[in-house]
Amino acid sequence: MKTSTVVSFGSLILVAGLAPLSVAPVSGQDVGFYFTGGIGPAIAQDPDLKEFLGPTGGNVELDPGFHLGVAGGYNFTRWLGVEMESGFIVNNIDRIGGASADATLSHVPFLANIVLRYEDQNCPVIPYFTAGLGGDSSVLWFDDSLGLDGSDSDVVFAFQISGGVRYRINDYMSAGLEYKFYHADDASWHVEDSGGRIRFGATAVHCITAVFNMKF
């Protein structure tokens, strides 16, 4: 199921990328490589607690955290681009199943995004929308808490959608604000010397990002 979803998404990018090229002329500033970076707060919804060294229930309470994202991409036209994105999202864990914890849940995404934008040389404002899917390296770390000390990681399926606006500084640089919704599937870990498995439900994170974009 996941493999077919990735293939379908890749086909959509290819078709969407070739179609505009055949019907609309482009200028040198409309096409080419670019870099985007962003940073801001990350508000995570509390995931379900499915296992903690054995079957259990409850949830995992996450504090507000922060995220950093970086992406490199290529604009096919003034409307369409594709990019690869990574970075990290970090949230401290306040409580696990009602018990206080000194722990951290982090995500390292690796995503393929399609980017739709409206860019007109006569307008300094650039609205855009992105959608992407790929993988997530979910990292759970305990600092001598709840009888655990150490970390482990798990790779799971992830997707995101985002939208924002940038203001054109000049022909090559723009900056603005973006909202991003990020989802990572259930993850499980075997923390060193834990003697059992820990498993959380799917994680959903809301990110507000200050972004900077540079064309090359």
# chains A, B, ... in the order shown; residues from 1 in each chain; ligands from 1

call {"tool": "select_by_dssp", "arguments": {"residues": "segment 110-154 of chain A", "states": "strand (DSSP E or B)", "output": "JSON list (two decimals) with C-alpha atoms, in the first residue's frame"}}
result
[["chain", "number", "residue", "atom", "x", "y", "z"],
["A", 110, "PHE", "CA", 12.87, 12.89, 4.53],
["A", 111, "LEU", "CA", 10.14, 13.92, 2.10],
["A", 112, "ALA", "CA", 9.46, 14.50, -1.59],
["A", 113, "ASN", "CA", 7.23, 17.57, -2.04],
["A", 114, "ILE", "CA", 5.28, 19.04, -4.90],
["A", 115, "VAL", "CA", 5.07, 22.86, -4.74],
["A", 116, "LEU", "CA", 2.33, 24.95, -6.34],
["A", 117, "ARG", "CA", 2.78, 28.71, -6.24],
["A", 125, "VAL", "CA", 3.64, 38.60, -2.75],
["A", 126, "ILE", "CA", 4.11, 34.88, -3.56],
["A", 127, "PRO", "CA", 1.42, 32.54, -2.15],
["A", 128, "TYR", "CA", 2.18, 28.81, -2.31],
["A", 129, "PHE", "CA", 0.98, 25.35, -1.27],
["A", 130, "THR", "CA", 3.00, 22.14, -0.80],
["A", 131, "ALA", "CA", 2.18, 18.48, -0.26],
["A", 132, "GLY", "CA", 4.69, 15.75, 0.38],
["A", 133, "LEU", "CA", 5.24, 12.20, 1.55],
["A", 134, "GLY", "CA", 8.13, 9.98, 2.47],
["A", 135, "GLY", "CA", 9.66, 8.68, 5.69],
["A", 136, "ASP", "CA", 10.32, 9.77, 9.24],
["A", 137, "SER", "CA", 13.07, 8.76, 11.65],
["A", 138, "SER", "CA", 11.32, 8.95, 15.04],
["A", 139, "VAL", "CA", 13.81, 9.15, 17.91],
["A", 140, "LEU", "CA", 12.84, 8.54, 21.57],
["A", 141, "TRP", "CA", 15.35, 9.55, 24.25],
["A", 142, "PHE", "CA", 15.17, 9.06, 28.03],
["A", 143, "ASP", "CA", 17.43, 10.89, 30.48],
["A", 144, "ASP", "CA", 17.49, 8.48, 33.44],
["A", 145, "SER", "CA", 13.70, 8.67, 33.76],
["A", 148, "LEU", "CA", 15.18, 4.16, 31.44],
["A", 149, "ASP", "CA", 18.30, 5.87, 30.14],
["A", 150, "GLY", "CA", 19.20, 5.93, 26.46],
["A", 151, "SER", "CA", 17.62, 6.27, 23.04],
["A", 152, "ASP", "CA", 16.35, 4.35, 20.04],
["A", 153, "SER", "CA", 14.90, 5.23, 16.62],
["A", 154, "ASP", "CA", 12.29, 3.84, 14.25]]

call {"tool": "select_by_dssp", "arguments": {"residues": "segment 4-198 of chain A", "states": "helix (DSSP H, G or I)", "output": "tab-separated table (two decimals) with N, CA and C atoms, in the first residue's frame"}}
result
chain	number	residue	atom	x	y	z
A	4	SER	N	2.73	1.65	-3.41
A	4	SER	CA	1.88	2.13	-4.49
A	4	SER	C	1.54	3.60	-4.32
A	5	THR	N	1.41	4.06	-3.07
A	5	THR	CA	1.13	5.48	-2.82
A	5	THR	C	2.30	6.34	-3.30
A	6	VAL	N	3.53	5.90	-3.01
A	6	VAL	CA	4.72	6.65	-3.43
A	6	VAL	C	4.81	6.71	-4.95
A	7	VAL	N	4.52	5.56	-5.61
A	7	VAL	CA	4.57	5.52	-7.07
A	7	VAL	C	3.54	6.46	-7.67
A	8	SER	N	2.32	6.46	-7.11
A	8	SER	CA	1.26	7.34	-7.61
A	8	SER	C	1.63	8.79	-7.43
A	9	PHE	N	2.23	9.12	-6.29
A	9	PHE	CA	2.63	10.50	-6.03
A	9	PHE	C	3.72	10.94	-7.01
A	10	GLY	N	4.68	10.02	-7.29
A	10	GLY	CA	5.73	10.34	-8.24
A	10	GLY	C	5.18	10.57	-9.64
A	11	SER	N	4.18	9.77	-10.03
A	11	SER	CA	3.56	9.94	-11.34
A	11	SER	C	2.86	11.28	-11.43
A	12	LEU	N	2.19	11.69	-10.34
A	12	LEU	CA	1.50	12.98	-10.32
A	12	LEU	C	2.48	14.12	-10.53
A	13	ILE	N	3.63	14.05	-9.86
A	13	ILE	CA	4.64	15.09	-10.02
A	13	ILE	C	5.12	15.17	-11.47
A	14	LEU	N	5.37	14.00	-12.09
A	14	LEU	CA	5.88	13.97	-13.46
A	14	LEU	C	4.86	14.56	-14.44
A	15	VAL	N	3.60	14.13	-14.32
A	15	VAL	CA	2.57	14.62	-15.23
A	15	VAL	C	2.34	16.11	-15.04
A	16	ALA	N	2.25	16.54	-13.77
A	16	ALA	CA	2.01	17.96	-13.49
A	16	ALA	C	3.18	18.82	-13.94
A	17	GLY	N	4.38	18.26	-13.88
A	17	GLY	CA	5.55	19.03	-14.27
A	17	GLY	C	5.68	19.19	-15.78
A	18	LEU	N	5.28	18.16	-16.55
A	18	LEU	CA	5.45	18.23	-17.99
A	18	LEU	C	4.34	19.01	-18.67
A	19	ALA	N	3.11	18.93	-18.12
A	19	ALA	CA	1.98	19.58	-18.79
A	19	ALA	C	2.15	21.08	-18.92
A	20	PRO	N	2.49	21.84	-17.86
A	20	PRO	CA	2.62	23.28	-18.02
A	20	PRO	C	3.74	23.68	-18.98
A	21	LEU	N	4.78	22.85	-19.06
A	21	LEU	CA	5.91	23.18	-19.93
A	21	LEU	C	5.47	23.24	-21.40
A	22	SER	N	4.43	22.46	-21.73
A	22	SER	CA	4.03	22.38	-23.13
A	22	SER	C	3.08	23.49	-23.55
A	23	VAL	N	2.54	24.25	-22.56
A	23	VAL	CA	1.54	25.24	-22.91
A	23	VAL	C	1.90	26.65	-22.50

call {"tool": "closest_residue", "arguments": {"among": "A:Val211, A:Ala187, A:Ile93, A:Val31", "to": "Gly73 of chain A", "atoms": "only C-alpha atoms"}}
result
A:Val31

call {"tool": "closest_residue", "arguments": {"among": "A:Gln160, A:Ser106, A:Ser174, A:Ser100", "to": "Glu119 of chain A", "atoms": "only C-alpha atoms"}}
result
A:Ser174

call {"tool": "closest_residue", "arguments": {"among": "A:Val90, A:Ile39, A:Val156, A:Val60", "to": "Thr104 of chain A", "atoms": "only C-alpha atoms"}}
result
A:Val90

call {"tool": "closest_residue", "arguments": {"among": "A:Gly54, A:Gly32, A:Gly201, A:Pro47", "to": "Glu83 of chain A", "atoms": "only C-alpha atoms"}}
result
A:Gly32

call {"tool": "closest_residue", "arguments": {"among": "A:Val82, A:Ala175, A:Ile89, A:Ile96", "to": "Phe52 of chain A", "atoms": "only C-alpha atoms"}}
result
A:Ile96

call {"tool": "residues_around", "arguments": {"residues": "Phe200 of chain A", "least_positions_apart": "3", "cutoff": "7 Å", "atoms": "only C-alpha atoms", "output": "ChimeraX atom specification"}}
result
/A:47-51,186-188

call {"tool": "atom_distance", "arguments": {"atom1": "atom CA of Asn213 of chain A", "atom2": "atom CA of Gly38 of chain A"}}
result
8.9 Å

call {"tool": "decode", "arguments": {"residues": "segment 197-213 of chain A", "atoms": "N, CA and C atoms", "output": "tab-separated table (two decimals), in the first residue's frame"}}
result
chain	number	residue	atom	x	y	z
A	197	ARG	N	9.30	-3.34	24.85
A	197	ARG	CA	9.06	-2.40	23.76
A	197	ARG	C	8.21	-1.23	24.23
A	198	ILE	N	8.47	-0.07	23.63
A	198	ILE	CA	7.66	1.12	23.85
A	198	ILE	C	7.06	1.50	22.50
A	199	ARG	N	5.75	1.77	22.48
A	199	ARG	CA	5.10	2.11	21.21
A	199	ARG	C	4.11	3.25	21.41
A	200	PHE	N	4.25	4.27	20.57
A	200	PHE	CA	3.33	5.41	20.56
A	200	PHE	C	2.46	5.34	19.31
A	201	GLY	N	1.27	5.93	19.40
A	201	GLY	CA	0.42	6.07	18.22
A	201	GLY	C	0.96	7.14	17.29
A	202	ALA	N	0.23	7.38	16.21
A	202	ALA	CA	0.65	8.36	15.22
A	202	ALA	C	0.81	9.74	15.85
A	203	THR	N	1.80	10.48	15.36
A	203	THR	CA	2.09	11.83	15.85
A	203	THR	C	1.67	12.85	14.81
A	204	ALA	N	0.97	13.91	15.26
A	204	ALA	CA	0.59	15.02	14.39
A	204	ALA	C	1.16	16.30	14.98
A	205	VAL	N	1.83	17.09	14.14
A	205	VAL	CA	2.52	18.30	14.61
A	205	VAL	C	2.08	19.49	13.76
A	206	HIS	N	1.77	20.60	14.43
A	206	HIS	CA	1.43	21.86	13.76
A	206	HIS	C	2.62	22.80	13.89
A	207	CYS	N	3.12	23.29	12.78
A	207	CYS	CA	4.32	24.13	12.77
A	207	CYS	C	4.02	25.49	12.13
A	208	ILE	N	4.49	26.53	12.77
A	208	ILE	CA	4.48	27.88	12.20
A	208	ILE	C	5.93	28.23	11.89
A	209	THR	N	6.20	28.57	10.64
A	209	THR	CA	7.58	28.68	10.18
A	209	THR	C	7.89	30.03	9.57
A	210	ALA	N	9.01	30.62	9.97
A	210	ALA	CA	9.58	31.76	9.26
A	210	ALA	C	10.49	31.18	8.17
A	211	VAL	N	10.21	31.51	6.91
A	211	VAL	CA	10.90	30.84	5.80
A	211	VAL	C	11.71	31.86	4.99
A	212	PHE	N	12.78	31.34	4.37
A	212	PHE	CA	13.61	32.11	3.46
A	212	PHE	C	13.87	31.26	2.23
A	213	ASN	N	13.72	31.87	1.05
A	213	ASN	CA	13.90	31.15	-0.22
A	213	ASN	C	14.90	31.89	-1.08
